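structure_24.cif (mmCIF, C-alpha atoms and all ligand atoms) appears below.
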data_work
loop_
_atom_site.label_atom_id
_atom_site.label_comp_id
_atom_site.auth_asym_id
_atom_site.auth_seq_id
_atom_site.Cartn_x
_atom_site.Cartn_y
_atom_site.Cartn_z
CA MET J 1170 82.37 -18.29 148.22
CA ASN J 1171 82.30 -16.49 144.84
CA ILE J 1172 82.92 -12.79 144.54
CA PRO J 1173 82.14 -10.93 141.35
CA CYS J 1174 84.23 -7.86 140.58
CA ASP J 1175 85.09 -5.65 137.64
CA VAL J 1176 88.85 -6.13 137.72
CA LEU J 1177 90.99 -8.79 139.38
CA VAL J 1178 94.70 -8.04 139.63
CA ALA J 1179 96.81 -11.11 140.34
CA GLY J 1180 100.06 -10.15 142.08
CA GLY J 1181 100.76 -7.14 144.29
CA GLY J 1182 104.27 -6.25 143.20
CA VAL J 1183 105.00 -2.74 141.95
CA SER J 1184 103.04 -3.33 138.74
CA GLY J 1185 100.06 -5.01 140.44
CA THR J 1186 99.71 -2.43 143.20
CA SER J 1187 99.82 0.37 140.63
CA ALA J 1188 97.29 -1.48 138.43
CA ALA J 1189 94.88 -2.06 141.31
CA VAL J 1190 95.02 1.53 142.58
CA ALA J 1191 94.56 2.95 139.06
CA SER J 1192 91.65 0.62 138.33
CA ALA J 1193 89.90 1.40 141.63
CA ARG J 1194 90.40 5.13 141.16
CA ALA J 1195 88.82 4.87 137.71
CA GLY J 1196 85.67 3.53 139.40
CA ALA J 1197 86.05 -0.24 138.88
CA LYS J 1198 85.32 -2.66 141.74
CA THR J 1199 88.82 -4.10 142.02
CA VAL J 1200 90.33 -7.06 143.88
CA LEU J 1201 94.09 -7.41 144.32
CA ALA J 1202 95.20 -10.96 145.18
CA GLU J 1203 98.75 -11.26 146.51
CA LYS J 1204 100.45 -14.53 147.40
CA GLU J 1205 102.66 -13.03 150.13
CA ASN J 1206 101.72 -10.90 153.15
CA PHE J 1207 103.23 -7.69 151.78
CA LEU J 1208 102.98 -5.43 148.73
CA GLY J 1209 105.87 -4.50 146.44
CA GLY J 1210 106.94 -7.98 145.23
CA VAL J 1211 110.59 -8.07 144.19
CA GLY J 1212 110.79 -4.30 144.78
CA TYR J 1213 110.30 -5.10 148.48
CA ALA J 1214 111.66 -8.64 148.83
CA GLY J 1215 114.83 -8.02 146.79
CA LEU J 1216 116.48 -5.46 149.14
CA HIS J 1217 117.06 -3.16 146.15
CA GLN J 1218 118.49 0.27 146.83
CA TYR J 1219 117.49 2.10 143.65
CA MET J 1220 114.38 2.51 141.54
CA CYS J 1221 115.36 2.39 137.89
CA GLY J 1222 113.44 3.38 134.76
CA LEU J 1223 111.94 6.53 136.24
CA TYR J 1224 113.85 9.20 134.35
CA LEU J 1225 114.99 10.33 130.92
CA ASN J 1226 118.69 9.58 130.62
CA GLY J 1227 120.88 12.31 129.15
CA ASP J 1228 123.22 15.14 130.07
CA VAL J 1229 120.62 17.12 131.95
CA MET J 1230 119.64 16.01 135.46
CA PRO J 1231 115.86 15.39 135.24
CA THR J 1232 113.55 17.28 137.56
CA GLU J 1233 110.51 15.06 136.89
CA THR J 1234 109.80 11.44 136.07
CA LEU J 1235 109.58 10.58 132.35
CA ASN J 1236 106.06 9.21 132.79
CA ALA J 1237 103.45 11.22 134.67
CA GLY J 1238 100.66 9.55 136.65
CA ILE J 1239 101.04 7.13 139.53
CA VAL J 1240 104.80 6.81 139.22
CA ARG J 1241 105.23 10.53 139.77
CA GLU J 1242 102.83 10.41 142.68
CA ILE J 1243 104.76 7.50 144.25
CA VAL J 1244 108.08 9.34 143.84
CA GLY J 1245 106.51 12.41 145.50
CA LEU J 1246 105.25 10.31 148.44
CA LEU J 1247 108.63 8.58 148.84
CA ASN J 1248 110.29 11.96 148.83
CA LYS J 1249 108.04 13.15 151.67
CA LEU J 1250 109.04 10.13 153.77
CA SER J 1251 112.80 10.40 153.04
CA PRO J 1252 113.62 13.84 151.58
CA GLN J 1253 117.35 13.05 151.73
CA LYS J 1254 116.92 10.28 149.12
CA THR J 1255 117.11 12.25 145.90
CA ILE J 1256 117.78 11.42 142.26
CA LYS J 1257 121.34 10.22 141.64
CA LYS J 1258 123.45 9.65 138.52
CA ILE J 1259 125.24 6.31 138.41
CA GLY J 1260 127.36 5.96 135.27
CA GLN J 1261 125.09 7.09 132.44
CA VAL J 1262 121.76 6.57 134.18
CA TYR J 1263 119.61 8.34 136.76
CA VAL J 1264 118.09 6.38 139.63
CA LEU J 1265 116.09 7.12 142.76
CA PRO J 1266 117.44 5.72 146.05
CA TYR J 1267 114.58 4.32 148.14
CA SER J 1268 113.99 2.18 151.19
CA ARG J 1269 111.64 -0.76 151.02
CA GLU J 1270 110.00 0.32 154.28
CA ASP J 1271 109.02 3.60 152.62
CA LEU J 1272 107.73 1.76 149.56
CA ALA J 1273 105.58 -0.49 151.76
CA LYS J 1274 104.15 2.55 153.58
CA VAL J 1275 103.36 4.32 150.31
CA PHE J 1276 101.68 1.27 148.78
CA THR J 1277 99.69 0.55 151.94
CA SER J 1278 98.40 4.12 152.12
CA LEU J 1279 97.53 4.21 148.40
CA CYS J 1280 95.50 1.01 148.73
CA ARG J 1281 93.83 2.02 152.00
CA ASN J 1282 92.49 5.19 150.45
CA GLU J 1283 90.59 3.37 147.67
CA LYS J 1284 87.05 2.37 148.63
CA ASN J 1285 86.67 0.36 145.40
CA LEU J 1286 89.71 -1.79 146.21
CA THR J 1287 89.89 -5.02 148.23
CA VAL J 1288 93.37 -6.38 148.91
CA LEU J 1289 93.65 -10.09 149.72
CA PHE J 1290 97.02 -11.07 151.21
CA ASN J 1291 98.34 -14.64 151.45
CA THR J 1292 96.15 -15.37 148.46
CA THR J 1293 97.34 -17.24 145.40
CA ALA J 1294 95.49 -17.50 142.10
CA VAL J 1295 95.63 -21.25 141.50
CA SER J 1296 93.58 -21.86 138.36
CA VAL J 1297 91.71 -20.03 135.64
CA LYS J 1298 88.54 -21.06 133.75
CA LYS J 1299 87.99 -19.79 130.23
CA LYS J 1300 85.01 -19.95 127.84
CA ASN J 1301 84.98 -18.61 124.28
CA LYS J 1302 88.39 -16.95 124.66
CA THR J 1303 87.13 -15.17 127.79
CA ILE J 1304 88.20 -15.73 131.39
CA VAL J 1305 85.12 -16.54 133.44
CA GLU J 1306 86.52 -17.54 136.83
CA VAL J 1307 89.76 -17.45 138.82
CA ALA J 1308 90.18 -19.88 141.71
CA LEU J 1309 92.11 -18.82 144.81
CA ASN J 1310 93.68 -20.92 147.57
CA THR J 1311 91.70 -19.22 150.36
CA PRO J 1312 88.15 -19.16 151.81
CA VAL J 1313 87.31 -16.48 149.21
CA SER J 1314 87.65 -19.33 146.81
CA LYS J 1315 86.52 -17.94 143.45
CA ILE J 1316 86.59 -14.55 141.80
CA ILE J 1317 84.48 -13.81 138.76
CA PRO J 1318 86.14 -10.81 137.16
CA LYS J 1319 85.16 -8.93 134.05
CA ILE J 1320 88.85 -8.35 133.37
CA LEU J 1321 91.92 -10.11 134.74
CA ILE J 1322 95.32 -8.41 134.93
CA ASP J 1323 98.34 -10.67 135.26
CA CYS J 1324 100.93 -8.88 137.39
CA THR J 1325 102.53 -12.03 138.78
CA GLY J 1326 105.96 -11.22 137.34
CA SER J 1327 106.24 -14.78 136.09
CA GLY J 1328 103.08 -14.59 133.94
CA VAL J 1329 101.74 -17.62 135.77
CA VAL J 1330 98.01 -16.78 135.54
CA SER J 1331 98.26 -16.08 131.81
CA ALA J 1332 99.93 -19.47 131.39
CA MET J 1333 97.10 -21.06 133.43
CA ALA J 1334 94.65 -19.37 131.05
CA GLY J 1335 96.38 -21.02 128.11
CA ALA J 1336 98.08 -17.85 126.79
CA GLY J 1337 101.14 -18.32 124.62
CA PHE J 1338 104.46 -17.33 126.11
CA GLU J 1339 108.20 -17.27 125.46
CA LEU J 1340 110.69 -18.49 128.04
CA SER J 1341 114.42 -18.32 127.35
CA SER J 1342 116.38 -21.51 127.92
CA PRO J 1343 118.24 -21.63 131.27
CA VAL J 1344 121.47 -20.98 129.34
CA LYS J 1345 120.17 -17.77 127.74
CA ARG J 1346 117.97 -16.62 130.60
CA GLN J 1347 119.23 -13.68 132.67
CA LEU J 1348 120.97 -14.59 135.92
CA ALA J 1349 118.76 -14.56 138.98
CA GLY J 1350 119.82 -12.53 142.02
CA PHE J 1351 120.18 -12.92 145.77
CA THR J 1352 121.13 -9.98 148.00
CA ILE J 1353 122.93 -10.15 151.33
CA HIS J 1354 122.64 -7.12 153.60
CA LEU J 1355 125.83 -6.80 155.64
CA LYS J 1356 126.34 -4.80 158.79
CA GLY J 1357 129.29 -4.35 161.13
CA LEU J 1358 131.50 -2.98 158.36
CA LYS J 1359 134.10 -0.44 159.36
CA GLU J 1360 134.91 2.70 157.42
CA CYS J 1361 133.26 1.33 154.34
CA ASP J 1362 133.63 3.56 151.26
CA GLU J 1363 132.74 3.58 147.53
CA THR J 1364 136.03 1.85 146.54
CA LEU J 1365 134.62 -1.40 147.93
CA SER J 1366 132.25 -1.55 144.95
CA ILE J 1367 135.38 -2.19 142.84
CA LYS J 1368 137.47 -4.11 145.40
CA VAL J 1369 134.83 -6.69 146.39
CA PRO J 1370 134.13 -7.95 142.81
CA TYR J 1371 137.89 -7.88 142.13
CA TYR J 1372 138.77 -10.04 145.14
CA LEU J 1373 135.86 -12.40 144.57
CA SER J 1374 136.79 -12.91 140.93
CA GLN J 1375 140.42 -13.62 141.99
CA ALA J 1376 139.13 -16.18 144.47
CA THR J 1377 136.95 -17.88 141.86
CA ASN J 1378 139.86 -17.96 139.37
CA LYS J 1379 141.98 -19.66 142.02
CA LYS J 1380 139.04 -22.01 142.76
CA MET J 1381 138.97 -20.86 146.37
CA LEU J 1382 135.32 -19.91 145.92
CA PRO J 1383 132.68 -21.35 143.52
CA ALA J 1384 132.77 -19.96 139.95
CA TYR J 1385 129.26 -18.43 140.01
CA LEU J 1386 130.45 -15.84 142.56
CA ARG J 1387 132.53 -14.05 139.91
CA PHE J 1388 129.59 -11.85 139.00
CA THR J 1389 128.92 -10.69 142.57
CA THR J 1390 128.60 -6.91 143.01
CA PHE J 1391 128.84 -4.76 146.12
CA SER J 1392 127.28 -1.42 147.00
CA MET J 1393 127.35 0.69 150.14
CA GLY J 1394 124.26 1.22 152.23
CA ASP J 1395 123.02 4.46 153.76
CA THR J 1396 125.67 4.41 156.49
CA ASP J 1397 129.37 3.52 156.40
CA ASP J 1398 128.85 0.36 158.50
CA GLU J 1399 126.55 -1.39 156.01
CA GLY J 1400 126.63 -2.71 152.47
CA PHE J 1401 124.89 -5.06 150.04
CA CYS J 1402 126.49 -8.05 148.32
CA LYS J 1403 124.51 -9.01 145.23
CA ILE J 1404 125.07 -12.56 144.11
CA ASN J 1405 124.03 -13.45 140.56
CA ILE J 1406 123.41 -17.06 139.72
CA GLY J 1407 122.26 -19.10 136.71
CA GLY J 1408 120.26 -22.34 136.56
CA SER J 1409 116.60 -22.93 137.17
CA ASP J 1410 116.29 -25.11 140.27
CA ASN J 1411 115.33 -22.52 142.89
CA ASN J 1412 115.73 -24.71 145.98
CA LYS J 1413 119.15 -25.88 144.89
CA ARG J 1414 120.33 -22.35 144.08
CA GLU J 1415 119.12 -20.99 147.39
CA GLN J 1416 120.73 -23.79 149.39
CA THR J 1417 123.99 -23.27 147.49
CA ILE J 1418 124.08 -19.53 148.14
CA ARG J 1419 123.07 -19.78 151.78
CA LYS J 1420 125.81 -22.39 152.27
CA ASP J 1421 128.44 -20.24 150.51
CA ALA J 1422 127.42 -16.91 152.09
CA LEU J 1423 129.53 -17.36 155.21
CA LYS J 1424 132.52 -18.43 153.11
CA ILE J 1425 132.25 -15.20 151.12
CA ILE J 1426 132.10 -13.05 154.24
CA SER J 1427 135.07 -14.77 155.87
CA TYR J 1428 137.07 -14.54 152.60
CA LEU J 1429 136.33 -10.80 152.39
CA ALA J 1430 137.16 -10.36 156.11
CA ASP J 1431 140.52 -11.92 155.39
CA LYS J 1432 141.27 -9.66 152.40
CA LEU J 1433 139.60 -6.36 153.23
CA PRO J 1434 139.86 -4.74 156.70
CA PRO J 1435 136.38 -3.08 156.55
CA PHE J 1436 134.85 -6.62 156.54
CA LYS J 1437 136.67 -7.84 159.68
CA ASN J 1438 133.54 -7.73 161.87
CA ALA J 1439 130.93 -7.88 159.14
CA TYR J 1440 127.83 -9.99 159.72
CA ILE J 1441 124.70 -10.88 157.77
CA ALA J 1442 121.84 -8.65 158.90
CA ASN J 1443 119.29 -9.73 156.29
CA THR J 1444 118.93 -11.39 152.90
CA SER J 1445 116.47 -11.11 150.05
CA LEU J 1446 113.42 -13.33 150.54
CA ARG J 1447 114.72 -15.92 148.10
CA VAL J 1448 116.66 -16.17 144.84
CA LEU J 1449 114.74 -13.79 142.59
CA GLU J 1450 114.29 -14.11 138.84
CA ARG J 1451 115.15 -11.28 136.49
CA GLU J 1452 113.54 -13.12 133.58
CA GLY J 1453 110.61 -15.52 133.37
CA ARG J 1454 107.68 -16.05 131.01
CA ARG J 1455 107.13 -13.29 128.48
CA ILE J 1456 103.45 -13.49 127.56
CA CYS J 1457 102.61 -13.26 123.85
CA GLY J 1458 100.66 -10.08 123.25
CA GLU J 1459 99.32 -8.40 120.14
CA TYR J 1460 102.76 -6.85 119.65
CA THR J 1461 106.19 -7.97 120.89
CA LEU J 1462 108.63 -5.17 121.67
CA THR J 1463 112.14 -5.84 120.32
CA GLU J 1464 115.72 -4.76 120.92
CA ASN J 1465 115.54 -2.62 117.75
CA ASP J 1466 112.47 -0.81 119.04
CA VAL J 1467 114.31 -0.02 122.27
CA LEU J 1468 117.66 1.03 120.80
CA ASN J 1469 116.09 3.04 117.94
CA ALA J 1470 113.86 4.89 120.41
CA ARG J 1471 110.78 3.78 118.48
CA LYS J 1472 107.51 5.60 119.07
CA PHE J 1473 104.07 3.99 118.64
CA ARG J 1474 100.60 5.34 117.90
CA ASP J 1475 99.18 3.31 120.80
CA SER J 1476 102.00 4.14 123.20
CA VAL J 1477 101.15 3.96 126.90
CA VAL J 1478 104.57 4.10 128.62
CA LYS J 1479 107.89 5.82 127.86
CA ASN J 1480 111.25 4.39 128.91
CA SER J 1481 114.89 5.25 128.45
CA TRP J 1482 116.45 2.65 130.74
CA PRO J 1483 119.19 0.74 128.84
CA ILE J 1484 119.00 -2.92 127.91
CA GLU J 1485 120.70 -4.47 130.93
CA ILE J 1486 121.50 -8.14 130.50
CA TRP J 1487 122.98 -10.24 133.28
CA GLY J 1488 124.38 -13.14 131.25
CA LYS J 1489 125.89 -16.44 132.27
CA ASN J 1490 129.19 -15.93 130.43
CA LYS J 1491 129.93 -12.23 130.47
CA GLY J 1492 128.12 -10.90 133.52
CA ILE J 1493 126.41 -7.54 133.02
CA ILE J 1494 126.18 -5.84 129.60
CA TYR J 1495 124.44 -2.53 128.89
CA LYS J 1496 123.10 -1.24 125.55
CA TYR J 1497 121.90 2.34 125.74
CA VAL J 1498 119.00 4.21 124.20
CA LYS J 1499 120.33 7.41 122.54
CA SER J 1500 121.11 10.02 125.19
CA GLY J 1501 118.16 12.38 125.75
CA ASP J 1502 115.71 10.09 123.93
CA TYR J 1503 113.28 7.33 124.94
CA TYR J 1504 111.28 4.53 123.37
CA GLU J 1505 107.61 3.83 123.86
CA ILE J 1506 105.74 0.69 124.87
CA PRO J 1507 102.49 0.17 122.94
CA PHE J 1508 99.29 -0.97 124.64
CA ARG J 1509 99.34 -4.06 122.38
CA CYS J 1510 102.26 -5.43 124.49
CA LEU J 1511 99.83 -5.59 127.44
CA LYS J 1512 96.92 -7.16 125.50
CA VAL J 1513 97.26 -10.92 125.73
CA LYS J 1514 96.81 -12.51 122.34
CA ASP J 1515 93.60 -14.46 121.80
CA ILE J 1516 92.13 -13.87 125.27
CA LYS J 1517 89.56 -11.09 125.24
CA ASN J 1518 89.63 -10.02 128.89
CA LEU J 1519 93.24 -10.65 129.93
CA LEU J 1520 95.94 -7.98 130.23
CA CYS J 1521 99.45 -8.38 131.56
CA ALA J 1522 101.66 -5.75 133.13
CA GLY J 1523 105.10 -5.50 134.70
CA ARG J 1524 107.85 -8.01 134.07
CA CYS J 1525 105.75 -10.48 132.06
CA ILE J 1526 104.58 -8.24 129.16
CA SER J 1527 105.10 -9.11 125.51
CA VAL J 1528 108.77 -8.35 124.78
CA THR J 1529 111.80 -10.21 123.53
CA HIS J 1530 114.55 -11.45 125.85
CA GLU J 1531 116.64 -8.39 124.92
CA ALA J 1532 113.85 -5.81 125.30
CA LEU J 1533 112.96 -7.27 128.70
CA GLY J 1534 116.46 -6.21 129.82
CA SER J 1535 115.09 -2.66 129.65
CA THR J 1536 111.34 -2.94 130.42
CA ARG J 1537 111.64 -5.00 133.64
CA VAL J 1538 112.79 -2.21 135.98
CA MET J 1539 110.52 -0.87 138.72
CA GLY J 1540 109.69 2.58 137.34
CA THR J 1541 108.58 1.10 134.03
CA CYS J 1542 106.65 -1.72 135.71
CA MET J 1543 104.67 0.76 137.84
CA SER J 1544 103.64 2.79 134.77
CA LEU J 1545 102.73 -0.40 132.90
CA GLY J 1546 100.59 -1.49 135.85
CA GLU J 1547 98.82 1.86 135.94
CA GLN J 1548 98.01 1.71 132.22
CA ALA J 1549 96.69 -1.84 132.49
CA GLY J 1550 94.52 -0.79 135.45
CA LEU J 1551 93.09 2.18 133.58
CA ALA J 1552 92.36 0.16 130.44
CA ALA J 1553 90.75 -2.65 132.45
CA ALA J 1554 88.49 -0.22 134.32
CA PHE J 1555 87.50 1.35 131.00
CA LYS J 1556 86.63 -2.03 129.49
CA ALA J 1557 84.66 -3.03 132.59
CA LYS J 1558 82.52 0.08 132.11
CA HIS J 1559 82.28 0.34 128.31
CA GLY J 1560 82.80 -3.24 127.12
CA ASN J 1561 85.89 -2.44 125.06
CA TYR J 1562 89.44 -1.24 125.68
CA PRO J 1563 90.06 2.48 125.11
CA ASP J 1564 91.07 3.36 121.56
CA ILE J 1565 94.55 4.68 122.25
CA LYS J 1566 95.76 6.66 119.23
CA LYS J 1567 98.05 9.62 119.47
C1 LIG A 1601 118.09 -9.56 141.50
C2 LIG A 1601 117.27 -8.44 140.97
C3 LIG A 1601 117.73 -7.13 141.13
C4 LIG A 1601 116.97 -6.08 140.63
N1 LIG A 1601 117.38 -4.80 140.86
C5 LIG A 1601 116.57 -3.78 140.52
C6 LIG A 1601 116.90 -2.46 140.91
O1 LIG A 1601 117.91 -2.21 141.56
N2 LIG A 1601 116.05 -1.45 140.54
C7 LIG A 1601 114.91 -1.69 139.81
O2 LIG A 1601 114.19 -0.74 139.49
N3 LIG A 1601 114.59 -2.94 139.42
C8 LIG A 1601 115.37 -3.99 139.79
N4 LIG A 1601 115.01 -5.27 139.48
C9 LIG A 1601 113.81 -5.50 138.64
C10 LIG A 1601 112.50 -5.29 139.38
O3 LIG A 1601 112.63 -5.43 140.79
C11 LIG A 1601 111.41 -6.26 138.95
O4 LIG A 1601 111.50 -6.62 137.60
C12 LIG A 1601 110.05 -5.60 139.18
O5 LIG A 1601 109.96 -5.21 140.54
C13 LIG A 1601 108.96 -6.55 138.79
O6 LIG A 1601 107.72 -6.07 139.24
P1 LIG A 1601 106.39 -6.89 138.95
O7 LIG A 1601 105.31 -6.19 139.68
O8 LIG A 1601 106.24 -7.08 137.48
O9 LIG A 1601 106.64 -8.35 139.52
P2 LIG A 1601 106.99 -8.89 140.98
O10 LIG A 1601 107.73 -7.90 141.78
O11 LIG A 1601 107.61 -10.22 140.76
O12 LIG A 1601 105.57 -9.06 141.65
C14 LIG A 1601 104.76 -10.15 141.36
C15 LIG A 1601 103.88 -10.41 142.57
O13 LIG A 1601 102.94 -11.43 142.25
C16 LIG A 1601 102.81 -12.31 143.33
N5 LIG A 1601 102.32 -13.57 142.76
C17 LIG A 1601 102.99 -14.45 141.98
N6 LIG A 1601 102.18 -15.45 141.61
C18 LIG A 1601 100.97 -15.20 142.15
C19 LIG A 1601 99.71 -15.86 142.12
N7 LIG A 1601 99.54 -17.01 141.43
N8 LIG A 1601 98.68 -15.30 142.79
C20 LIG A 1601 98.83 -14.16 143.50
N9 LIG A 1601 100.01 -13.50 143.58
C21 LIG A 1601 101.05 -14.01 142.90
C22 LIG A 1601 104.20 -12.37 143.93
O14 LIG A 1601 104.16 -12.79 145.29
C23 LIG A 1601 104.67 -10.92 143.76
O15 LIG A 1601 104.38 -10.14 144.89
C24 LIG A 1601 115.74 -6.35 139.96
C25 LIG A 1601 115.29 -7.66 139.82
C26 LIG A 1601 116.03 -8.70 140.34
C27 LIG A 1601 115.51 -10.09 140.21
#
What would you get if you wrote out this structure as structure tokens?
Amino acid sequence: MNIPCDVLVAGGGVSGTSAAVASARAGAKTVLAEKENFLGGVGYAGLHQYMCGLYLNGDVMPTETLNAGIVREIVGLLNKLSPQKTIKKIGQVYVLPYSREDLAKVFTSLCRNEKNLTVLFNTTAVSVKKKNKTIVEVALNTPVSKIIPKILIDCTGSGVVSAMAGAGFELSSPVKRQLAGFTIHLKGLKECDETLSIKVPYYLSQATNKKMLPAYLRFTTFSMGDTDDEGFCKINIGGSDNNKREQTIRKDALKIISYLADKLPPFKNAYIANTSLRVLEREGRRICGEYTLTENDVLNARKFRDSVVKNSWPIEIWGKNKGIIYKYVKSGDYYEIPFRCLKVKDIKNLLCAGRCISVTHEALGSTRVMGTCMSLGEQAGLAAAFKAKHGNYPDIKK
């Protein structure tokens, strides 16, 4: 079966859901195809606790999100569901605590309310046909086998549909690429407090130095959950073989817990309540757009005439040798992301949004966070709906 539509969004993570809702609201017949059976992507599957990239960093506690639009609406809806989860300063940055259950509810209700939007779960975009630098058909792995969109938005995180369409991309070597992450949700802790976020990495790095635990565990972090009997161990791992990494971590997880139980009394009866869906990539393909945002643009708080999104999240690199390194945008300032970073080079009707936009390895360390990805998705959705109606992208000039 073929279905024509104005806009096809591939991937229903935070960027894709925002793109699809924005496109449908702007009047475009929109289809959102998501491989899994839930919305939110890594923002749901990763067991994160905080949304980053929402606020202007500086001395003054923000009262609003830096970008208006869907991101502000989502924050408002999350706040209604859990009013106790309010903006928090961690180090030099502001974040919003959230629960993934709330995020799922918000995304489901946003999608349900759009009559122009069809969401297809368990649906993977498997190939793309192109003619004269234009995408003409996207094949899916389901009975709705082909979509004929006027515009395609790649929100797959990994940029996989752009790659299928023959778009150029950059991919850092496994040595340079940011570490991937795997989160273990622990329960049964006793009298857990904030000091564990220092003690756990300290003890684990001692254990790796003494070769009692594998070396990759030296960059593991720990944070408390909502109650004092739960916490999250975040394991950061290099390499590129996903099955191997996952098997390794799942095998080592119990060793970590029993080592911590031995060293730290709060862990004595700790048990694994949940884990992230799989080992999740921080960095993948960066699709080549009409402009590539750089580290200099980020750190010099560069502004652009065709800016669509503002961001002041630091460059946060999880590296193989040094663990986490931050480079900050000047306090109280922000940089802008131009629309050209979303326009895929040499393909007339393909946009990308979220983690796979056109940025360097360093700039991705800042643009990849959830708040920024949602705003990028929204802007891609709006531009796609505009092009579906008028035949060209909006002329964004400030
Ligand atoms: C370990 C780790 C910790 C992080 N911690 C935080 C944090 O604390 N706070 C924060 O703000 N950010 C954090 N991030 C970053 C952030 O979660 C992601 O970068 C962001 O959510 C990416 O959103 P996205 O929509 O671009 O992509 P994704 O969330 O990856 O969504 C892509 C979606 O596309 C789907 N898909 C893929 N291929 C296809 C296909 N062919 N067809 C159809 N669907 C497809 C996937 O199933 C997925 O749902 C973290 C990332 C990682 C990896």
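Using all atoms listed in the file for every distance, the candidate list J:Gly1181, J:Val1467, J:Gly1453, J:Val1329 yields J:Gly1181 as the residue closest to Gly1546 (chain J).
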Contacts of Ala1308 (chain J) within 10 Å, all atoms listed in the file, excl. fewer than 3 positions in-chain, as a ChimeraX atom specification: /J:1171,1293-1298,1311,1313-1317
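Every protein, DNA or RNA residue with an atom at most 7 Å from Leu1265 (chain J), where only C-alpha atoms count and chain neighbours fewer than 2 positions away do not, is listed here: J:Tyr1219, J:Met1220, J:Cys1221, J:Thr1255, J:Ile1256, J:Lys1257, J:Tyr1267.
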Between J:Tyr1495, J:Tyr1263, J:Phe1555, J:Phe1351, single out the one closest to ligand LIG 1601 (chain A), counting all atoms listed in the file.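 Checking each of J:Tyr1495, J:Tyr1263, J:Phe1555, J:Phe1351 against ligand LIG 1601 (chain A), counting all atoms listed in the file, the winner is J:Phe1351.
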Test item: residues lying within 7 Å of ligand LIG 1601 (chain A) with all atoms listed in the file, as JSON, numbers by chain: {"J": [1179, 1180, 1181, 1182, 1183, 1184, 1185, 1202, 1203, 1204, 1205, 1208, 1209, 1210, 1211, 1212, 1215, 1217, 1218, 1219, 1220, 1221, 1222, 1292, 1293, 1294, 1295, 1324, 1325, 1326, 1327, 1329, 1330, 1349, 1350, 1351, 1449, 1450, 1451, 1522, 1523, 1524, 1525, 1537, 1538, 1539, 1540, 1542]}
Name the residues within 10 Å of (95.8, 1.0, 130.2), counting only C-alpha atoms in the file's coordinates, and put them as a short mmCIF file (atom, residue, chain, number, x, y, z; two decimals) with C-alpha atoms, in the frame of the given file.
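What ended up in result-v2.cif:
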data_model
loop_
_atom_site.label_atom_id
_atom_site.label_comp_id
_atom_site.auth_asym_id
_atom_site.auth_seq_id
_atom_site.Cartn_x
_atom_site.Cartn_y
_atom_site.Cartn_z
CA ALA J 1188 97.29 -1.48 138.43
CA ALA J 1191 94.56 2.95 139.06
CA SER J 1192 91.65 0.62 138.33
CA SER J 1476 102.00 4.14 123.20
CA VAL J 1477 101.15 3.96 126.90
CA VAL J 1478 104.57 4.10 128.62
CA PRO J 1507 102.49 0.17 122.94
CA PHE J 1508 99.29 -0.97 124.64
CA ARG J 1509 99.34 -4.06 122.38
CA LEU J 1511 99.83 -5.59 127.44
CA LYS J 1512 96.92 -7.16 125.50
CA LEU J 1520 95.94 -7.98 130.23
CA ALA J 1522 101.66 -5.75 133.13
CA SER J 1544 103.64 2.79 134.77
CA LEU J 1545 102.73 -0.40 132.90
CA GLY J 1546 100.59 -1.49 135.85
CA GLU J 1547 98.82 1.86 135.94
CA GLN J 1548 98.01 1.71 132.22
CA ALA J 1549 96.69 -1.84 132.49
CA GLY J 1550 94.52 -0.79 135.45
CA LEU J 1551 93.09 2.18 133.58
CA ALA J 1552 92.36 0.16 130.44
CA ALA J 1553 90.75 -2.65 132.45
CA ALA J 1554 88.49 -0.22 134.32
CA PHE J 1555 87.50 1.35 131.00
CA LYS J 1556 86.63 -2.03 129.49
CA TYR J 1562 89.44 -1.24 125.68
CA PRO J 1563 90.06 2.48 125.11
CA ILE J 1565 94.55 4.68 122.25
#
Which of these, J:Thr1463, J:Leu1519, J:Leu1340, J:Lys1479, has the shortest distance to Glu1306 (chain J) once you count only C-alpha atoms?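 Ranked by minimum distance to Glu1306 (chain J), first place goes to J:Leu1519.
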What's the 7 Å shell around Ser1527 (chain J), counting only C-alpha atoms, without same-chain residues fewer than 6 positions away, as a VMD selection string? chain J and resid 1455 to 1458 1460 to 1462 1510 to 1511
From the list J:Ser1278, J:Asn1518, J:Ala1334, J:Leu1309, which residue is nearest Asn1561 (chain J) when using all atoms listed in the file?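 Checking each of J:Ser1278, J:Asn1518, J:Ala1334, J:Leu1309 against Asn1561 (chain J), counting all atoms listed in the file, the winner is J:Asn1518.
CA of Leu1355 (chain J) lies 9.4 Å from CA of Met1393 (chain J).
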Which residues, written as a PDB file with C-alpha atoms, keeping the file's coordinate frame, have at least one atom at most 8 Å from Thr1390 (chain J), with all atoms listed in the file counted and residues fewer than 4 positions away on the same chain left out?
ATOM      1  CA  SER J1366     132.250  -1.550 144.950  1.00  0.00           C
ATOM      2  CA  VAL J1369     134.830  -6.690 146.390  1.00  0.00           C
ATOM      3  CA  PRO J1370     134.130  -7.950 142.810  1.00  0.00           C
ATOM      4  CA  CYS J1402     126.490  -8.050 148.320  1.00  0.00           C
ATOM      5  CA  LYS J1403     124.510  -9.010 145.230  1.00  0.00           C
ATOM      6  CA  ILE J1404     125.070 -12.560 144.110  1.00  0.00           C
TER       7      ILE J1404
END
Counting all atoms listed in the file, which residues come within 8 Å of (121.3, 9.0, 131.6), with the point read in the file's coordinates, and could you list them as a PyMOL selection string? chain J and resi 1224-1228+1258+1260-1263+1500-1501
